[in-house]
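Student: My structure is stored as upload-v3.cif, with mmCIF, C-alpha atoms.
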```cif
data_input
#
loop_
_atom_site.label_atom_id
_atom_site.label_comp_id
_atom_site.auth_asym_id
_atom_site.auth_seq_id
_atom_site.Cartn_x
_atom_site.Cartn_y
_atom_site.Cartn_z
CA MET C 1 65.16 122.83 113.02
CA ASN C 2 65.92 122.65 109.40
CA ASN C 3 63.50 119.93 108.60
CA GLY C 4 61.52 122.47 106.73
CA THR C 5 63.62 123.37 103.83
CA ASP C 6 65.07 120.04 104.08
CA VAL C 7 66.47 118.28 101.32
CA ARG C 8 67.62 114.94 100.42
CA SER C 9 69.33 115.07 97.14
CA LYS C 10 69.96 111.74 95.65
CA GLY C 11 72.82 111.23 93.30
CA SER C 12 70.69 108.87 91.32
CA HIS C 13 73.06 106.65 89.45
CA ALA C 14 70.44 104.58 87.77
CA ALA C 15 67.87 107.15 86.78
CA GLY C 16 68.16 108.25 83.22
CA ASN C 17 71.85 108.94 83.12
CA GLY C 18 72.45 107.84 79.57
CA GLU C 19 69.92 110.12 77.98
CA SER C 20 70.75 113.20 79.96
CA GLY C 21 74.40 112.84 79.02
CA ALA C 22 73.43 112.73 75.37
CA VAL C 23 71.24 115.77 75.78
CA SER C 24 73.87 117.90 77.44
CA ALA C 25 76.56 116.85 74.98
CA GLY C 26 74.47 117.36 71.89
CA SER C 27 73.03 120.76 72.79
CA THR C 28 73.83 123.90 70.85
CA PRO C 29 77.41 125.15 70.92
CA ASP C 30 78.13 127.16 74.02
CA PRO C 31 78.74 130.87 73.43
CA ARG C 32 81.19 130.77 76.33
CA GLY C 33 83.47 128.44 74.40
CA ALA C 34 84.29 124.75 74.22
CA GLY C 35 86.51 124.97 77.28
CA MET C 36 83.52 126.03 79.38
CA ARG C 37 81.51 123.05 78.13
CA ARG C 38 84.31 120.75 79.24
CA ILE C 39 84.55 122.42 82.64
CA LEU C 40 80.80 122.02 83.17
CA ASP C 41 80.90 118.37 82.08
CA ARG C 42 83.68 117.68 84.53
CA GLU C 43 81.93 119.62 87.27
CA THR C 44 78.77 117.50 87.11
CA ARG C 45 80.63 114.21 87.46
CA SER C 46 82.65 112.81 90.31
CA SER C 47 86.42 112.82 89.86
CA ARG C 48 86.84 109.71 92.05
CA ALA C 49 89.83 111.33 93.72
CA GLY C 50 88.88 109.96 97.13
CA VAL C 51 88.41 106.39 95.92
CA ALA C 52 91.67 106.66 93.98
CA GLY C 53 93.42 107.65 97.21
CA ILE C 54 91.96 104.67 99.07
CA ALA C 55 92.97 102.31 96.24
CA ALA C 56 96.51 103.70 96.14
CA VAL C 57 96.97 103.38 99.90
CA LEU C 58 95.71 99.78 99.76
CA VAL C 59 98.15 98.88 97.00
CA ILE C 60 101.00 100.68 98.78
CA ILE C 61 100.39 98.74 102.01
CA LEU C 62 100.28 95.39 100.19
CA CYS C 63 103.38 96.24 98.13
CA GLY C 64 105.18 97.53 101.21
CA TYR C 65 104.75 94.22 102.98
CA GLY C 66 105.78 92.29 99.87
CA LEU C 67 108.80 94.55 99.48
CA LEU C 68 109.84 93.90 103.06
CA GLU C 69 109.64 90.13 102.76
CA ALA C 70 111.27 90.05 99.33
CA GLY C 71 114.08 92.34 100.50
CA VAL C 72 114.69 90.26 103.62
CA ARG C 73 114.78 87.13 101.48
CA ALA C 74 117.13 88.71 98.93
CA ILE C 75 119.80 89.45 101.52
CA GLY C 76 119.35 86.08 103.18
CA GLN C 77 117.84 87.19 106.48
CA PRO C 78 115.11 85.33 108.39
CA PRO C 79 111.58 86.37 107.36
CA TRP C 80 109.63 88.99 109.30
CA LEU C 81 106.15 87.45 109.50
CA ILE C 82 106.06 84.51 107.15
CA ASP C 83 108.49 82.84 104.79
CA PRO C 84 107.34 83.00 101.12
CA GLN C 85 107.80 79.22 100.85
CA THR C 86 105.49 78.53 103.80
CA ALA C 87 103.00 81.12 102.62
CA ALA C 88 102.82 79.51 99.18
CA GLU C 89 102.33 76.06 100.68
CA ARG C 90 99.52 77.29 102.90
CA ILE C 91 97.81 79.02 99.99
CA ILE C 92 98.06 75.87 97.87
CA ALA C 93 96.51 73.75 100.60
CA LEU C 94 93.78 76.35 101.03
CA PRO C 95 90.45 74.88 102.00
CA GLN C 96 92.45 72.92 104.59
CA GLY C 97 94.02 74.72 107.51
CA ILE C 98 91.31 77.32 107.96
CA PRO C 99 87.63 77.07 109.00
CA PRO C 100 85.48 77.23 105.85
CA LEU C 101 83.24 79.85 107.43
CA LEU C 102 86.20 82.16 108.04
CA LEU C 103 87.51 81.54 104.52
CA GLY C 104 84.10 82.32 103.05
CA ALA C 105 83.80 85.48 105.14
CA ILE C 106 87.22 86.72 104.06
CA GLY C 107 86.26 85.98 100.46
CA ALA C 108 82.97 87.82 100.80
CA VAL C 109 84.63 90.91 102.29
CA THR C 110 87.27 90.95 99.56
CA ALA C 111 84.64 90.52 96.87
CA MET C 112 82.56 93.36 98.33
CA ALA C 113 85.57 95.68 98.36
CA GLY C 114 86.31 94.68 94.77
CA LEU C 115 82.71 95.32 93.76
CA PHE C 116 82.84 98.76 95.43
CA PHE C 117 85.94 99.76 93.46
CA PHE C 118 84.65 98.26 90.22
CA LEU C 119 81.26 99.96 90.39
CA ASN C 120 82.95 103.23 91.24
CA ALA C 121 84.99 102.92 88.09
CA VAL C 122 82.18 101.82 85.79
CA LEU C 123 79.14 103.82 86.87
CA PRO C 124 78.79 107.35 85.45
CA GLY C 125 79.29 108.92 88.89
CA ARG C 126 76.88 111.75 88.26
CA ARG C 127 76.84 114.31 91.02
CA ALA C 128 73.61 115.70 92.45
CA ARG C 129 73.96 118.97 90.56
CA HIS C 130 72.18 120.92 87.86
CA LEU C 131 73.48 123.46 85.39
CA LEU C 132 71.92 126.91 85.36
CA PRO C 133 72.02 129.20 82.32
CA ASP C 134 74.08 132.36 82.46
CA ARG C 135 75.44 134.59 79.72
CA ARG C 136 78.87 135.15 81.23
CA ALA C 137 79.84 132.32 83.54
CA GLY C 138 79.16 128.62 83.81
CA VAL C 139 76.90 127.95 86.77
CA VAL C 140 76.41 124.67 88.63
CA ALA C 141 74.06 124.47 91.58
CA ASP C 142 73.86 121.63 94.06
CA ASP C 143 70.47 119.96 94.16
CA GLU C 144 70.20 120.88 97.82
CA VAL C 145 70.35 124.57 96.96
CA ILE C 146 67.68 124.21 94.28
CA ALA C 147 65.52 122.23 96.69
CA SER C 148 65.77 124.80 99.45
CA ALA C 149 64.87 127.61 97.04
CA LEU C 150 61.87 125.63 95.78
CA ALA C 151 60.86 124.80 99.34
CA ARG C 152 60.85 128.47 100.24
CA ARG C 153 58.64 129.27 97.26
CA ALA C 154 56.28 126.37 98.01
CA ARG C 155 56.05 127.42 101.64
CA LEU C 156 55.01 130.93 100.66
CA ALA C 157 52.44 129.62 98.18
CA ALA C 158 50.95 127.15 100.65
CA ASN C 159 51.14 129.62 103.54
CA VAL C 160 52.58 127.07 105.94
CA THR C 161 55.67 127.05 108.16
CA GLN C 162 59.09 125.91 107.14
CA GLU C 163 58.77 122.56 108.86
CA GLN C 164 55.71 121.58 106.84
CA VAL C 165 57.38 121.56 103.45
CA MET C 166 59.92 119.05 102.25
CA VAL C 167 61.38 119.09 98.77
CA VAL C 168 63.49 116.33 97.24
CA VAL C 169 65.35 117.17 94.06
CA SER C 170 66.89 114.46 91.92
CA GLN C 171 68.24 114.49 88.40
CA ARG C 172 64.88 114.38 86.60
CA GLN C 173 62.30 114.89 89.32
CA VAL C 174 61.25 117.34 91.98
CA VAL C 175 58.96 116.04 94.70
CA VAL C 176 57.27 118.61 96.92
CA ASN C 177 55.68 117.25 100.08
CA VAL C 178 53.37 119.62 101.92
CA ARG C 179 51.66 118.92 105.24
CA PRO C 180 48.89 121.45 105.63
CA THR C 181 47.91 123.07 108.89
CA SER C 182 44.91 121.27 110.32
CA GLY C 183 41.71 122.95 109.19
CA VAL C 184 43.37 125.18 106.61
CA PRO C 185 43.16 123.67 103.12
CA VAL C 186 46.19 123.86 100.87
CA SER C 187 45.65 124.23 97.15
CA GLU C 188 47.81 121.70 95.36
CA ASN C 189 47.53 123.64 92.13
CA ALA C 190 48.72 126.87 93.72
CA VAL C 191 51.81 125.12 95.10
CA LEU C 192 52.47 123.42 91.77
CA ALA C 193 52.12 126.70 89.88
CA ALA C 194 54.49 128.49 92.26
CA VAL C 195 57.12 125.77 92.07
CA LEU C 196 56.83 125.56 88.27
CA ASP C 197 57.18 129.32 88.03
CA GLU C 198 60.32 129.28 90.14
CA LEU C 199 61.73 126.39 88.11
CA ARG C 200 61.01 128.23 84.86
CA ASP C 201 62.95 131.25 86.11
CA MET C 202 65.76 129.02 87.28
CA ALA C 203 65.82 126.87 84.11
CA PRO C 204 68.04 124.08 85.42
CA GLU C 205 69.49 121.62 82.94
CA PRO C 206 68.21 118.91 82.76
CA MET C 207 64.75 120.27 83.55
CA PRO C 208 63.09 118.09 86.18
CA GLU C 209 59.42 117.21 86.42
CA VAL C 210 57.45 118.42 89.42
CA ARG C 211 55.18 116.36 91.64
CA VAL C 212 53.31 117.84 94.57
CA ASN C 213 52.02 115.66 97.40
CA VAL C 214 49.69 117.24 99.90
CA ALA C 215 49.45 115.04 102.97
CA THR C 216 45.97 113.97 104.03
CA SER C 217 46.67 114.50 107.72
CA GLY C 218 47.30 118.01 108.93
CA VAL C 219 49.58 119.51 111.52
CA ILE C 220 47.99 120.87 114.67
CA GLY C 221 48.94 124.23 116.06
CA ALA C 222 51.40 125.20 113.36
CA MET K 1 87.75 122.17 87.15
CA ASN K 2 91.06 120.85 88.44
CA ASN K 3 93.29 118.54 86.43
CA THR K 4 92.55 115.29 88.23
CA PRO K 5 93.29 112.48 85.75
CA ARG K 6 89.75 111.12 85.62
CA THR K 7 90.17 108.46 82.96
CA LEU K 8 93.28 107.13 84.66
CA ASN K 9 91.41 107.04 87.97
CA ARG K 10 88.60 105.03 86.42
CA ILE K 11 90.96 102.57 84.74
CA LEU K 12 93.17 101.94 87.77
CA ILE K 13 90.25 101.68 90.21
CA GLY K 14 88.53 99.32 87.79
CA ILE K 15 91.58 97.06 87.53
CA LEU K 16 91.98 96.92 91.30
CA GLY K 17 88.26 96.26 91.73
CA LEU K 18 88.25 93.40 89.23
CA LYS K 19 91.26 91.77 90.88
CA LEU K 20 89.81 91.99 94.38
CA LEU K 21 86.50 90.70 93.08
CA ALA K 22 88.19 87.70 91.43
CA VAL K 23 90.19 86.85 94.57
CA GLY K 24 87.11 87.17 96.76
CA LEU K 25 84.99 84.97 94.50
CA LEU K 26 87.78 82.38 94.36
CA LEU K 27 87.95 82.26 98.16
CA ILE K 28 84.18 81.86 98.41
CA ALA K 29 84.27 79.08 95.82
CA LEU K 30 87.08 77.32 97.73
CA ALA K 31 85.08 77.50 100.93
CA THR K 32 81.88 76.13 99.41
CA PHE K 33 82.61 73.73 96.50
CA PRO K 34 84.88 70.69 97.07
CA ALA K 35 85.39 70.40 93.28
CA ALA K 36 86.85 73.90 93.19
CA ALA K 37 89.16 72.99 96.07
CA SER K 38 90.66 69.96 94.33
CA TRP K 39 91.08 71.89 91.09
CA TRP K 40 92.78 74.74 92.96
CA GLN K 41 95.22 72.44 94.77
CA GLN K 42 96.31 70.78 91.53
CA TRP K 43 96.59 73.98 89.54
CA SER K 44 98.37 76.10 92.14
CA ALA K 45 100.76 73.29 93.08
CA GLY K 46 101.80 73.13 89.42
CA VAL K 47 102.35 76.88 89.28
CA TRP K 48 104.36 76.87 92.50
CA ASN K 49 106.53 73.98 91.24
CA GLY K 50 107.43 75.94 88.14
CA MET K 51 108.22 79.00 90.22
CA SER K 52 110.42 77.21 92.73
CA GLN K 53 112.37 75.55 89.90
CA LEU K 54 112.86 78.97 88.37
CA LEU K 55 114.06 80.30 91.73
CA GLN K 56 116.57 77.47 92.04
CA ARG K 57 117.91 78.01 88.53
CA THR K 58 118.43 81.70 89.13
CA SER K 59 120.28 81.43 92.42
CA ILE K 60 123.20 83.77 93.00
CA PRO K 61 126.51 81.87 92.47
CA GLY K 62 127.82 80.68 95.80
CA ARG K 63 124.59 81.54 97.65
CA GLN K 64 121.24 79.88 98.11
CA GLU K 65 118.99 82.84 97.41
CA SER K 66 117.77 83.67 93.95
CA TRP K 67 118.49 87.10 92.55
CA LEU K 68 114.83 87.15 91.49
CA TRP K 69 113.99 88.27 95.04
CA ALA K 70 116.00 91.43 94.56
CA VAL K 71 114.27 92.01 91.21
CA LEU K 72 110.89 91.50 92.86
CA ALA K 73 111.78 93.95 95.62
CA LEU K 74 112.80 96.49 93.01
CA LEU K 75 109.56 96.02 91.04
CA LEU K 76 107.47 96.49 94.19
CA ALA K 77 109.39 99.64 95.05
CA VAL K 78 108.69 101.00 91.56
CA LEU K 79 105.00 100.15 91.95
CA ILE K 80 104.88 102.01 95.27
CA ALA K 81 106.51 105.03 93.66
CA LEU K 82 103.95 104.93 90.83
CA MET K 83 101.10 104.82 93.36
CA VAL K 84 102.51 107.84 95.18
CA ALA K 85 102.78 109.67 91.86
CA TRP K 86 99.17 108.77 91.09
CA VAL K 87 97.93 110.20 94.39
CA ALA K 88 99.97 113.34 93.79
CA GLN K 89 98.08 113.91 90.54
CA GLN K 90 94.71 114.25 92.31
CA GLY K 91 93.34 117.75 92.56
CA LYS K 92 96.21 119.37 90.74
CA GLY K 93 95.76 122.40 88.57
CA ARG K 94 95.76 125.45 90.83
CA SER K 95 97.59 128.34 89.27
CA SER K 96 98.72 131.71 90.54
CA LEU K 97 98.27 133.90 87.48
CA ILE K 98 95.01 135.05 85.98
CA LEU K 99 96.69 136.75 83.02
CA ALA K 100 100.13 136.55 81.41
CA GLU K 101 100.34 138.37 78.09
CA ASP K 102 102.54 140.49 75.95
CA ASP K 103 100.11 143.09 74.73
CA ALA K 104 102.44 145.91 73.65
CA GLU K 105 104.44 144.54 70.74
CA GLY K 106 107.05 147.27 70.47
CA LEU K 107 108.08 147.17 74.10
CA PRO K 108 110.00 144.47 75.91
CA GLY K 109 108.37 142.68 78.83
CA ASN K 110 104.89 141.35 79.38
CA VAL K 111 101.95 141.83 81.71
CA ARG K 112 101.13 139.38 84.47
CA ILE K 113 98.21 139.69 86.83
CA GLY K 114 98.13 137.38 89.82
CA GLY K 115 95.06 135.37 90.68
CA GLY K 116 95.01 137.14 94.03
CA VAL K 117 93.65 140.26 92.33
CA ALA K 118 90.49 138.53 91.20
CA GLU K 119 90.18 136.58 94.43
CA GLN K 120 90.50 139.62 96.68
CA ALA K 121 88.22 141.81 94.55
CA LEU K 122 85.43 139.25 94.32
CA ARG K 123 85.68 138.24 97.94
CA ALA K 124 85.49 141.84 99.06
CA ALA K 125 82.45 142.43 96.84
CA LEU K 126 80.73 139.30 98.13
CA ALA K 127 81.56 139.85 101.79
CA GLU K 128 78.73 142.32 102.34
CA ARG K 129 75.99 140.05 101.07
CA GLN K 130 73.65 138.87 103.80
CA ASP K 131 72.39 135.86 101.85
CA LEU K 132 75.79 134.19 101.65
CA ALA K 133 77.22 132.05 104.40
CA GLY K 134 80.56 131.78 102.65
CA ALA K 135 82.36 132.42 99.39
CA THR K 136 85.74 131.33 98.09
CA VAL K 137 87.48 132.21 94.86
CA ALA K 138 90.31 130.18 93.35
CA THR K 139 92.32 130.31 90.15
CA TYR K 140 92.82 127.13 88.15
CA GLU K 141 94.59 126.28 84.97
CA VAL K 142 92.37 124.55 82.41
CA ARG K 143 94.21 123.38 79.28
CA GLY K 144 96.94 125.90 79.87
CA GLU K 145 94.48 128.79 80.19
CA PRO K 146 93.68 130.41 83.52
CA ALA K 147 90.11 130.09 84.81
CA LEU K 148 88.31 131.27 87.92
CA LYS K 149 86.20 129.14 90.20
CA ILE K 150 83.81 130.94 92.52
CA ARG K 151 82.29 128.78 95.19
CA LEU K 152 79.25 130.23 96.93
CA GLN K 153 77.43 128.90 99.96
CA PRO K 154 74.08 130.65 100.12
CA ARG K 155 71.82 130.50 103.14
CA GLN K 156 68.75 128.33 102.95
CA GLY K 157 66.05 129.38 100.53
CA VAL K 158 68.15 131.73 98.40
CA ALA K 159 67.21 131.44 94.73
CA PRO K 160 70.36 130.22 92.96
CA HIS K 161 69.62 131.85 89.60
CA LEU K 162 69.27 135.33 91.10
CA LEU K 163 72.48 134.85 93.06
CA ALA K 164 74.26 133.65 89.94
CA ALA K 165 73.05 136.66 87.97
CA ASP K 166 74.36 139.05 90.65
CA VAL K 167 77.73 137.34 90.82
CA SER K 168 78.05 137.20 87.07
CA ALA K 169 77.51 140.97 86.96
CA LEU K 170 80.43 141.26 89.40
CA VAL K 171 82.47 139.04 87.09
CA GLU K 172 81.71 141.33 84.16
CA ALA K 173 82.95 144.27 86.20
CA LEU K 174 86.11 142.30 86.87
CA ASP K 175 86.46 141.67 83.11
CA ALA K 176 86.52 145.41 82.57
CA VAL K 177 89.24 145.83 85.20
CA VAL K 178 91.46 142.98 84.04
CA GLY K 179 90.84 143.60 80.33
CA LYS K 180 90.36 139.97 79.38
CA ARG K 181 87.52 137.48 79.68
CA VAL K 182 88.72 134.43 81.52
CA PRO K 183 86.42 131.40 81.82
CA VAL K 184 84.50 131.56 85.10
CA LEU K 185 82.70 128.78 86.91
CA ILE K 186 80.22 129.62 89.64
CA HIS K 187 79.47 126.70 91.92
CA ILE K 188 76.51 127.24 94.23
CA GLY K 189 76.72 124.59 96.89
CA THR K 190 75.99 123.83 100.48
CA GLY K 191 78.23 123.27 103.41
CA ALA K 192 77.85 122.94 107.13
CA ARG K 193 77.72 126.71 107.52
CA SER K 194 74.84 127.26 105.13
CA ARG K 195 72.96 124.21 106.37
CA PHE K 196 72.93 125.16 110.02
CA SER K 197 72.64 128.90 109.71
CA ARG K 198 69.26 130.58 109.81
CA ALA K 199 67.16 130.74 106.69
CA GLU K 200 66.87 133.93 104.73
CA ARG K 201 63.29 134.85 105.54
CA VAL K 202 63.02 138.29 104.08
CA ARG K 203 64.39 139.26 100.74
#
```
Just give me the structure as structure tokens.
Tutor:
Amino acid sequence: MNNGTDVRSKGSHAAGNGESGAVSAGSTPDPRGAGMRRILDRETRSSRAGVAGIAAVLVIILCGYGLLEAGVRAIGQPPWLIDPQTAAERIIALPQGIPPLLLGAIGAVTAMAGLFFFLNAVLPGRRARHLLPDRRAGVVADDEVIASALARRARLAANVTQEQVMVVVSQRQVVVNVRPTSGVPVSENAVLAAVLDELRDMAPEPMPEVRVNVATSGVIGA
Amino acid sequence: MNNTPRTLNRILIGILGLKLLAVGLLLIALATFPAAASWWQQWSAGVWNGMSQLLQRTSIPGRQESWLWAVLALLLAVLIALMVAWVAQQGKGRSSLILAEDDAEGLPGNVRIGGGVAEQALRAALAERQDLAGATVATYEVRGEPALKIRLQPRQGVAPHLLAADVSALVEALDAVVGKRVPVLIHIGTGARSRFSRAERVR
């Protein structure tokens, strides 16, 4: 049902993050104060709170097991799962005692998890959001909201139904896909002008470029 | 908006990621290259020898066990406590006051206005709007100063800049009531309610 104003917003990590950061940081001083600038900067980036929680739970589980075995050993009780001495000997002997395929698979899974955490820490973590100008408050809008507003405008300009327009908004680009009704031509320029007009009123930062695709095949009976 | 320790998050996640990555790559290397396996057996056997000698030297008088095990247990417990403290830092920063000032110098006492005032007033003003599927208002503390966060969930197709202009007019009215301009963030987002509710066709 909501294919029409439908929106896939991509949190494009790779696309032009360096420059846009420089642009937003180097722009004119904000009349709403330096604190607002900081709030907006924080609001457009991920805080990584969820990943931090996962990492902490992982470390807590590992440490909890280690604590148990070390504590049991310290008071001279028999080990719970494995004696540290035996564990160390098995680890030293490693390629022996375990099928190489299993060892490789465990290694691959561990490396993937490590890569996930590492990339999360290193990449800019830009959220799919744009800043909107306002004289009193700081305004951030999700790309989905912008896309659905643009889709509504494009739909009115093209005179088609909701299901025939799809808009994808990313950091620096807006792609408008229109499937015309069969037999009724859609003016690409009219759609482009309408979307540009709406974007100019909205003035999101950074300002994306607009591309309009009118599909060659039409929809019957729309 | 909240006081999540972002730099700390990045550093700690990065350290954990690098360690897991190193362990994983080592395991893969052990499984595939025989040369890596022989190197590993020599190197780790040496390390373990040193450690077991250390454990023997530090044994508790009259007992077999080393007191290093107790130290290790203590260190792990401290690490667990640090991890819990780290998780507790996430998403902190809510505050209850929107204003706390002493504006009349001659008189004792000061003025405090709870965040509930702003939250209730804005929510009541926003409740009648047909183009909103939901709105929440929360008070945060940013660098010791109170700030308001207004989260709006418009229905599909609502122009965000017009909505923001309307809400910012409401905020200016609130400024006049409270008597002080607090920083305000308006976040226009989507949620399940706005995504699955009907589109605003007529405006």
Student: For chain K, which residue among C:Leu123, C:Asp83, C:Arg155, C:Val139 is the nearest when counting all atoms listed in the file?
Tutor: C:Val139
Student: I need the residue set behind the PyMOL selection byres ((chain C and resi 136) around 8) for this file; please write it as JSON, numbers by chain.
Tutor: {"C": [32, 134, 135, 137, 138], "K": [168, 171, 172, 184]}
Student: If you keep C-alpha atoms, can you produce a file of those selected residues as a PDB file, keeping the file's coordinate frame?
Tutor:
```pdb
ATOM      1  CA  ARG C  32      81.190 130.770  76.330  1.00  0.00           C
ATOM      2  CA  ASP C 134      74.080 132.360  82.460  1.00  0.00           C
ATOM      3  CA  ARG C 135      75.440 134.590  79.720  1.00  0.00           C
ATOM      4  CA  ALA C 137      79.840 132.320  83.540  1.00  0.00           C
ATOM      5  CA  GLY C 138      79.160 128.620  83.810  1.00  0.00           C
TER       6      GLY C 138
ATOM      7  CA  SER K 168      78.050 137.200  87.070  1.00  0.00           C
ATOM      8  CA  VAL K 171      82.470 139.040  87.090  1.00  0.00           C
ATOM      9  CA  GLU K 172      81.710 141.330  84.160  1.00  0.00           C
ATOM     10  CA  VAL K 184      84.500 131.560  85.100  1.00  0.00           C
TER      11      VAL K 184
END
```
Student: Selected by the PyMOL selection byres ((chain C) within 7 of (chain K)) in the shown coordinates: which residues, as a VMD selection string?
Tutor: chain C and resid 36 39 42 to 43 47 to 49 52 to 53 55 to 56 60 63 67 70 to 71 73 to 74 76 92 to 93 95 100 103 to 104 107 to 108 110 to 111 113 to 115 117 to 118 121 132 136 to 142 145 to 146 148 to 149 152 202
Student: Would you mind exporting the chosen residues as a CSV table (one decimal), in the frame of the given file, restricted to C-alpha atoms?
Tutor:
```csv
chain,number,residue,atom,x,y,z
C,36,MET,CA,83.5,126.0,79.4
C,39,ILE,CA,84.6,122.4,82.6
C,42,ARG,CA,83.7,117.7,84.5
C,43,GLU,CA,81.9,119.6,87.3
C,47,SER,CA,86.4,112.8,89.9
C,48,ARG,CA,86.8,109.7,92.0
C,49,ALA,CA,89.8,111.3,93.7
C,52,ALA,CA,91.7,106.7,94.0
C,53,GLY,CA,93.4,107.6,97.2
C,55,ALA,CA,93.0,102.3,96.2
C,56,ALA,CA,96.5,103.7,96.1
C,60,ILE,CA,101.0,100.7,98.8
C,63,CYS,CA,103.4,96.2,98.1
C,67,LEU,CA,108.8,94.6,99.5
C,70,ALA,CA,111.3,90.0,99.3
C,71,GLY,CA,114.1,92.3,100.5
C,73,ARG,CA,114.8,87.1,101.5
C,74,ALA,CA,117.1,88.7,98.9
C,76,GLY,CA,119.4,86.1,103.2
C,92,ILE,CA,98.1,75.9,97.9
C,93,ALA,CA,96.5,73.8,100.6
C,95,PRO,CA,90.4,74.9,102.0
C,100,PRO,CA,85.5,77.2,105.8
C,103,LEU,CA,87.5,81.5,104.5
C,104,GLY,CA,84.1,82.3,103.0
C,107,GLY,CA,86.3,86.0,100.5
C,108,ALA,CA,83.0,87.8,100.8
C,110,THR,CA,87.3,91.0,99.6
C,111,ALA,CA,84.6,90.5,96.9
C,113,ALA,CA,85.6,95.7,98.4
C,114,GLY,CA,86.3,94.7,94.8
C,115,LEU,CA,82.7,95.3,93.8
C,117,PHE,CA,85.9,99.8,93.5
C,118,PHE,CA,84.6,98.3,90.2
C,121,ALA,CA,85.0,102.9,88.1
C,132,LEU,CA,71.9,126.9,85.4
C,136,ARG,CA,78.9,135.2,81.2
C,137,ALA,CA,79.8,132.3,83.5
C,138,GLY,CA,79.2,128.6,83.8
C,139,VAL,CA,76.9,128.0,86.8
C,140,VAL,CA,76.4,124.7,88.6
C,141,ALA,CA,74.1,124.5,91.6
C,142,ASP,CA,73.9,121.6,94.1
C,145,VAL,CA,70.4,124.6,97.0
C,146,ILE,CA,67.7,124.2,94.3
C,148,SER,CA,65.8,124.8,99.4
C,149,ALA,CA,64.9,127.6,97.0
C,152,ARG,CA,60.8,128.5,100.2
C,202,MET,CA,65.8,129.0,87.3
```
Student: Which residues would end up in the selection if the PyMOL selection byres ((chain K and resi 117) around 12) were applied here, given that I need the answer as a list in words?
Tutor: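 Checking the PyMOL selection byres ((chain K and resi 117) around 12) against this file, the residues are Ser96, Leu97, Ile98, Leu99, Arg112, Ile113, Gly114, Gly115, Gly116, Ala118, Glu119, Gln120, Ala121, Leu122, Arg123, Ala124, Val137, Ala138, Thr139, Leu148, Leu174, Asp175, Val177 and Val178 of chain K.
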Student: What separation in Å, quoted to one decimal, exists between CA of Val57 in chain C and CA of Arg129 in chain C?
Tutor: 29.3 Å
Student: Name the closest residue to Arg179 in chain C among the candidates C:Arg153, C:Asp143, C:Gly218, C:Leu199; distances are taken between atoms, counting all atoms listed in the file.
Tutor: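 Among C:Arg153, C:Asp143, C:Gly218, C:Leu199, it is C:Gly218 that comes nearest to Arg179 in chain C.
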Student: Keeping just C-alpha atoms, export range 60-94 of chain C of this structure as a PDB file, in the first residue's frame.
Tutor:
```pdb
ATOM      1  CA  ILE C  60      31.179  -9.373  30.287  1.00  0.00           C
ATOM      2  CA  ILE C  61      30.327 -12.943  29.244  1.00  0.00           C
ATOM      3  CA  LEU C  62      33.959 -13.773  28.434  1.00  0.00           C
ATOM      4  CA  CYS C  63      35.209 -12.164  31.652  1.00  0.00           C
ATOM      5  CA  GLY C  64      32.483 -13.869  33.669  1.00  0.00           C
ATOM      6  CA  TYR C  65      33.625 -17.282  32.520  1.00  0.00           C
ATOM      7  CA  GLY C  66      37.271 -16.400  33.127  1.00  0.00           C
ATOM      8  CA  LEU C  67      36.370 -15.087  36.565  1.00  0.00           C
ATOM      9  CA  LEU C  68      34.594 -18.316  37.417  1.00  0.00           C
ATOM     10  CA  GLU C  69      37.499 -20.536  36.404  1.00  0.00           C
ATOM     11  CA  ALA C  70      40.110 -18.290  38.008  1.00  0.00           C
ATOM     12  CA  GLY C  71      38.106 -18.085  41.239  1.00  0.00           C
ATOM     13  CA  VAL C  72      37.610 -21.845  41.355  1.00  0.00           C
ATOM     14  CA  ARG C  73      41.322 -22.326  40.780  1.00  0.00           C
ATOM     15  CA  ALA C  74      42.262 -19.766  43.437  1.00  0.00           C
ATOM     16  CA  ILE C  75      40.401 -21.602  46.184  1.00  0.00           C
ATOM     17  CA  GLY C  76      41.662 -24.965  45.005  1.00  0.00           C
ATOM     18  CA  GLN C  77      38.399 -26.452  43.749  1.00  0.00           C
ATOM     19  CA  PRO C  78      38.040 -28.668  40.662  1.00  0.00           C
ATOM     20  CA  PRO C  79      37.424 -26.696  37.449  1.00  0.00           C
ATOM     21  CA  TRP C  80      33.924 -26.125  36.103  1.00  0.00           C
ATOM     22  CA  LEU C  81      34.364 -26.749  32.364  1.00  0.00           C
ATOM     23  CA  ILE C  82      38.059 -26.929  31.658  1.00  0.00           C
ATOM     24  CA  ASP C  83      41.234 -26.633  33.684  1.00  0.00           C
ATOM     25  CA  PRO C  84      43.400 -23.642  32.628  1.00  0.00           C
ATOM     26  CA  GLN C  85      46.396 -25.982  32.260  1.00  0.00           C
ATOM     27  CA  THR C  86      44.556 -28.269  29.832  1.00  0.00           C
ATOM     28  CA  ALA C  87      43.089 -25.326  27.972  1.00  0.00           C
ATOM     29  CA  ALA C  88      46.527 -23.805  27.470  1.00  0.00           C
ATOM     30  CA  GLU C  89      47.943 -27.098  26.236  1.00  0.00           C
ATOM     31  CA  ARG C  90      45.124 -27.515  23.740  1.00  0.00           C
ATOM     32  CA  ILE C  91      45.564 -23.963  22.472  1.00  0.00           C
ATOM     33  CA  ILE C  92      49.311 -24.495  22.042  1.00  0.00           C
ATOM     34  CA  ALA C  93      48.764 -27.675  20.050  1.00  0.00           C
ATOM     35  CA  LEU C  94      46.169 -25.877  17.946  1.00  0.00           C
TER      36      LEU C  94
END
```
